[in-house]
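Everything below belongs to start_23.cif, which stores mmCIF, C-alpha atoms.
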data_query
loop_
_atom_site.label_atom_id
_atom_site.label_comp_id
_atom_site.auth_asym_id
_atom_site.auth_seq_id
_atom_site.Cartn_x
_atom_site.Cartn_y
_atom_site.Cartn_z
CA MET A 1 -51.76 -45.51 60.76
CA LYS A 2 -48.37 -47.02 59.97
CA LYS A 3 -49.63 -48.18 56.59
CA ILE A 4 -50.95 -44.69 55.81
CA MET A 5 -47.61 -43.11 56.76
CA GLN A 6 -45.70 -45.68 54.72
CA TRP A 7 -48.00 -45.07 51.78
CA ALA A 8 -47.55 -41.27 52.07
CA LEU A 9 -43.76 -41.65 52.31
CA LEU A 10 -43.74 -43.89 49.24
CA VAL A 11 -45.82 -41.37 47.26
CA GLY A 12 -43.49 -38.57 48.32
CA ILE A 13 -40.42 -40.51 47.18
CA CYS A 14 -42.04 -41.25 43.82
CA LEU A 15 -43.03 -37.60 43.30
CA GLY A 16 -39.51 -36.42 44.22
CA ALA A 17 -37.93 -38.87 41.82
CA SER A 18 -40.25 -37.73 39.05
CA GLN A 19 -39.43 -34.03 39.61
CA PHE A 20 -35.71 -34.80 39.68
CA ALA A 21 -36.00 -36.68 36.37
CA ARG A 22 -37.83 -33.74 34.77
CA ALA A 23 -35.22 -31.27 36.06
CA GLU A 24 -32.39 -33.43 34.77
CA ALA A 25 -34.07 -33.72 31.36
CA ALA A 26 -34.41 -29.93 31.20
CA VAL A 27 -30.69 -29.45 31.90
CA GLU A 28 -29.41 -32.05 29.42
CA PRO A 29 -30.32 -30.20 26.17
CA ALA A 30 -28.35 -27.14 27.32
CA THR A 31 -25.09 -29.04 27.32
CA PRO A 32 -24.94 -29.79 23.56
CA ALA A 33 -25.96 -26.19 22.76
CA SER A 34 -23.13 -24.70 24.82
CA ALA A 35 -20.74 -27.17 23.24
CA ALA A 36 -21.90 -26.05 19.79
CA VAL A 37 -21.27 -22.39 20.66
CA SER A 38 -17.81 -23.28 21.88
CA THR A 39 -17.11 -25.20 18.67
CA VAL A 40 -18.18 -22.23 16.51
CA ALA A 41 -15.97 -19.88 18.53
CA ASP A 42 -13.00 -22.20 18.17
CA SER A 43 -13.63 -22.47 14.44
CA SER A 44 -13.78 -18.67 14.02
CA THR A 45 -10.54 -18.26 15.97
CA ALA A 46 -8.83 -20.90 13.83
CA GLU A 47 -10.01 -19.20 10.62
CA ALA A 48 -8.75 -15.80 11.83
CA LEU A 49 -5.36 -17.28 12.71
CA ALA A 50 -5.14 -19.04 9.35
CA GLU A 51 -6.02 -15.80 7.54
CA ARG A 52 -3.36 -13.83 9.45
CA GLN A 53 -0.80 -16.52 8.74
CA ALA A 54 -1.68 -16.53 5.03
CA LYS A 55 -1.27 -12.72 4.87
CA ALA A 56 2.06 -12.91 6.67
CA GLU A 57 3.31 -15.59 4.27
CA LYS A 58 2.13 -13.57 1.27
CA LYS A 59 3.89 -10.45 2.58
CA ALA A 60 7.11 -12.40 3.23
CA ALA A 61 6.98 -13.84 -0.30
CA ALA A 62 6.43 -10.37 -1.79
CA GLU A 63 9.37 -8.95 0.19
CA LYS A 64 11.58 -11.81 -0.96
CA LYS A 65 10.51 -11.22 -4.56
CA ALA A 66 11.18 -7.47 -4.22
CA ALA A 67 14.63 -8.12 -2.72
CA ALA A 68 15.47 -10.38 -5.66
CA ARG A 69 14.48 -7.64 -8.11
CA PHE A 70 16.55 -5.04 -6.27
CA ALA A 71 19.52 -7.41 -6.25
CA LYS A 72 19.47 -7.63 -10.05
CA CYS A 73 19.47 -3.84 -10.45
CA ASP A 74 22.02 -3.30 -7.66
CA LYS A 75 24.60 -5.31 -9.59
CA CYS A 76 25.08 -2.26 -11.81
CA HIS A 77 23.14 0.55 -10.14
CA ASP A 78 24.46 1.30 -6.67
CA GLY A 79 25.71 4.17 -4.54
CA ASP A 80 23.90 7.43 -5.30
CA GLU A 81 21.65 5.66 -7.78
CA GLY A 82 20.26 3.35 -5.10
CA MET A 83 16.70 3.98 -3.95
CA HIS A 84 16.46 5.66 -0.56
CA GLY A 85 13.78 7.47 1.40
CA LYS A 86 10.04 6.95 1.14
CA HIS A 87 9.97 5.07 -2.15
CA ALA A 88 12.32 2.46 -0.71
CA SER A 89 9.90 1.45 2.03
CA VAL A 90 6.36 1.90 0.67
CA THR A 91 3.96 -0.58 -0.89
CA ASN A 92 2.22 -0.25 -4.21
CA PRO A 93 -1.47 0.58 -3.44
CA ASN A 94 -2.56 -1.36 -6.52
CA THR A 95 -0.85 -4.62 -5.57
CA ASN A 96 -0.05 -4.16 -1.85
CA GLU A 97 3.48 -5.35 -2.66
CA ALA A 98 6.74 -3.54 -1.95
CA VAL A 99 7.69 -0.97 -4.59
CA THR A 100 10.63 -2.11 -6.70
CA CYS A 101 12.72 -0.60 -9.49
CA THR A 102 10.58 -2.25 -12.13
CA ASN A 103 7.36 -0.70 -10.77
CA CYS A 104 8.55 2.70 -11.98
CA HIS A 105 11.20 1.95 -14.61
CA GLY A 106 9.66 -1.13 -16.21
CA ASN A 107 11.33 -4.45 -16.97
CA ALA A 108 14.80 -4.20 -18.45
CA SER A 109 15.57 -6.31 -21.49
CA ALA A 110 18.29 -8.95 -21.65
CA GLN A 111 20.34 -6.55 -23.77
CA HIS A 112 20.06 -3.88 -21.09
CA ARG A 113 21.49 -6.26 -18.49
CA LYS A 114 24.26 -7.64 -20.71
CA GLN A 115 25.43 -4.54 -22.55
CA HIS A 116 28.05 -2.52 -20.71
CA GLY A 117 26.51 0.79 -19.70
CA GLY A 118 23.01 -0.38 -20.52
CA ILE A 119 20.64 0.86 -23.19
CA VAL A 120 17.67 3.18 -23.01
CA ASP A 121 14.89 0.60 -22.85
CA VAL A 122 13.62 1.45 -19.37
CA MET A 123 11.82 4.57 -18.13
CA ARG A 124 14.22 7.43 -17.44
CA PHE A 125 12.52 10.31 -15.67
CA GLY A 126 13.49 13.76 -16.87
CA ASP A 127 14.62 12.30 -20.21
CA ASP A 128 13.01 13.89 -23.29
CA ALA A 129 13.10 10.47 -24.98
CA PHE A 130 9.97 9.64 -22.99
CA PRO A 131 6.79 11.75 -23.41
CA LEU A 132 5.65 13.83 -20.45
CA SER A 133 2.37 11.91 -20.25
CA GLN A 134 4.25 8.60 -20.05
CA GLN A 135 6.56 9.82 -17.28
CA ASN A 136 3.79 11.33 -15.18
CA GLY A 137 1.56 8.34 -15.88
CA VAL A 138 3.96 6.17 -13.90
CA CYS A 139 3.64 8.48 -10.90
CA MET A 140 -0.14 8.68 -11.23
CA SER A 141 -0.40 4.90 -11.11
CA CYS A 142 0.20 5.20 -7.35
CA HIS A 143 -0.39 8.88 -6.54
CA GLU A 144 -4.07 9.74 -6.97
CA PRO A 145 -4.69 13.10 -8.72
CA ASP A 146 -7.35 14.08 -6.17
CA ASP A 147 -4.94 13.57 -3.27
CA LEU A 148 -2.25 15.59 -5.03
CA ARG A 149 -4.74 18.38 -5.75
CA LYS A 150 -5.71 18.50 -2.07
CA ALA A 151 -2.06 18.60 -1.01
CA LEU A 152 -1.29 21.56 -3.33
CA TRP A 153 -3.37 23.20 -6.02
CA ALA A 154 -0.31 23.53 -8.27
CA HIS A 155 -0.39 19.79 -8.94
CA ASP A 156 -3.61 20.22 -10.87
CA VAL A 157 -2.19 23.01 -13.02
CA HIS A 158 1.20 21.48 -13.80
CA ALA A 159 0.42 17.74 -14.10
CA THR A 160 -0.05 18.01 -17.88
CA ARG A 161 2.65 20.63 -18.53
CA VAL A 162 5.78 19.58 -16.65
CA THR A 163 7.11 16.27 -15.38
CA CYS A 164 6.77 15.41 -11.71
CA THR A 165 10.55 15.11 -11.54
CA SER A 166 10.85 18.77 -12.50
CA CYS A 167 10.06 19.47 -8.83
CA HIS A 168 10.41 16.11 -7.08
CA GLN A 169 13.41 13.82 -6.56
CA LEU A 170 12.65 10.11 -6.40
CA HIS A 171 15.66 8.37 -4.88
CA THR A 172 16.83 10.78 -2.19
CA ALA A 173 16.63 9.97 1.52
CA LYS A 174 14.68 13.22 2.08
CA GLU A 175 12.47 14.58 -0.68
CA PRO A 176 13.21 18.35 -0.80
CA MET A 177 9.62 19.31 -1.63
CA VAL A 178 8.20 17.72 1.54
CA GLY A 179 7.61 20.35 4.21
CA ILE A 180 9.05 23.15 2.07
CA PRO A 181 8.44 26.60 3.65
CA GLU A 182 5.94 28.89 1.97
CA LYS A 183 8.61 31.44 0.94
CA SER A 184 10.73 28.73 -0.67
CA ARG A 185 7.67 27.43 -2.50
CA ILE A 186 6.93 30.89 -3.89
CA LYS A 187 10.59 31.32 -4.92
CA LEU A 188 10.42 28.00 -6.76
CA CYS A 189 7.39 29.20 -8.73
CA VAL A 190 8.97 32.60 -9.48
CA ASP A 191 12.30 31.11 -10.59
CA CYS A 192 10.66 28.60 -12.92
CA HIS A 193 8.25 31.04 -14.50
CA SER A 194 11.02 33.64 -14.90
CA LYS A 195 13.02 31.11 -16.92
CA GLN A 196 9.96 30.39 -19.05
CA HIS A 197 9.44 34.11 -19.65
CA GLU A 198 13.10 34.56 -20.67
CA ALA A 199 12.88 31.59 -23.02
CA LYS A 200 9.81 33.09 -24.70
CA GLN A 201 11.55 36.46 -25.10
CA GLN A 202 14.60 34.81 -26.65
CA ALA A 203 12.42 32.80 -29.03
CA ALA A 204 10.53 35.94 -30.04
CA ALA A 205 13.80 37.83 -30.61
CA LYS A 206 15.08 35.03 -32.89
CA GLU A 207 11.87 35.09 -34.93
CA GLY A 208 12.10 38.88 -35.30
CA ALA A 209 15.74 38.82 -36.35
#
Would you kindly transcribe this structure into structure tokens?
Amino acid sequence: MKKIMQWALLVGICLGASQFARAEAAVEPATPASAAVSTVADSSTAEALAERQAKAEKKAAAEKKAAARFAKCDKCHDGDEGMHGKHASVTNPNTNEAVTCTNCHGNASAQHRKQHGGIVDVMRFGDDAFPLSQQNGVCMSCHEPDDLRKALWAHDVHATRVTCTSCHQLHTAKEPMVGIPEKSRIKLCVDCHSKQHEAKQQAAAKEGA
């Protein structure tokens, strides 16, 4: 009887050891898999951080570059001529860089910078020396025609007939056309078209004389 019990006990121990070994083998493969998932997550986080850092560095470099450009212009153009308001703090949608003087006025020549008083070799808005299409083309390089049309139908009508600066001011801290009341908007239209009508009458009178 003792031998039978010993034999049964021995069999039980062997079976238990075998089951334990199988269970341990089943658990072992899970460890490398979880480690792999953790490694992938860490890698993704590192890539996201590196991307954010690269964007921040690119933005800082662009701001530094823009400040350097402003500094060159500010040596002569300051005070009321300085850029204030929205245009002084926006980014160019085409480059995602800060808007600078040269984005709108173009690059000044060496003669422009050296000659006292400057020369007309950069864009001057409202100056007849530059064609209407050229002046408005600068504005349209950032301001999409469809967006302007949605904001006010008059943009569509006047974009090829008058310069944007006929109604808008570029350097002011507060652009007078933003949030203009409806009555003031109508008065603006009436005043402008009345002047056009008077000019036509005067021209016709000269031709008839």
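Atom CA of Ala151 of chain A is positioned 16.3 Å from atom CA of Ser184 of chain A.
Across the model, the gap from atom CA of Ser133 of chain A to atom CA of Met83 of chain A is 23.1 Å.
Our summary of the geometry notes that atom CA of Asn94 of chain A is positioned 12.4 Å from atom CA of Cys139 of chain A.
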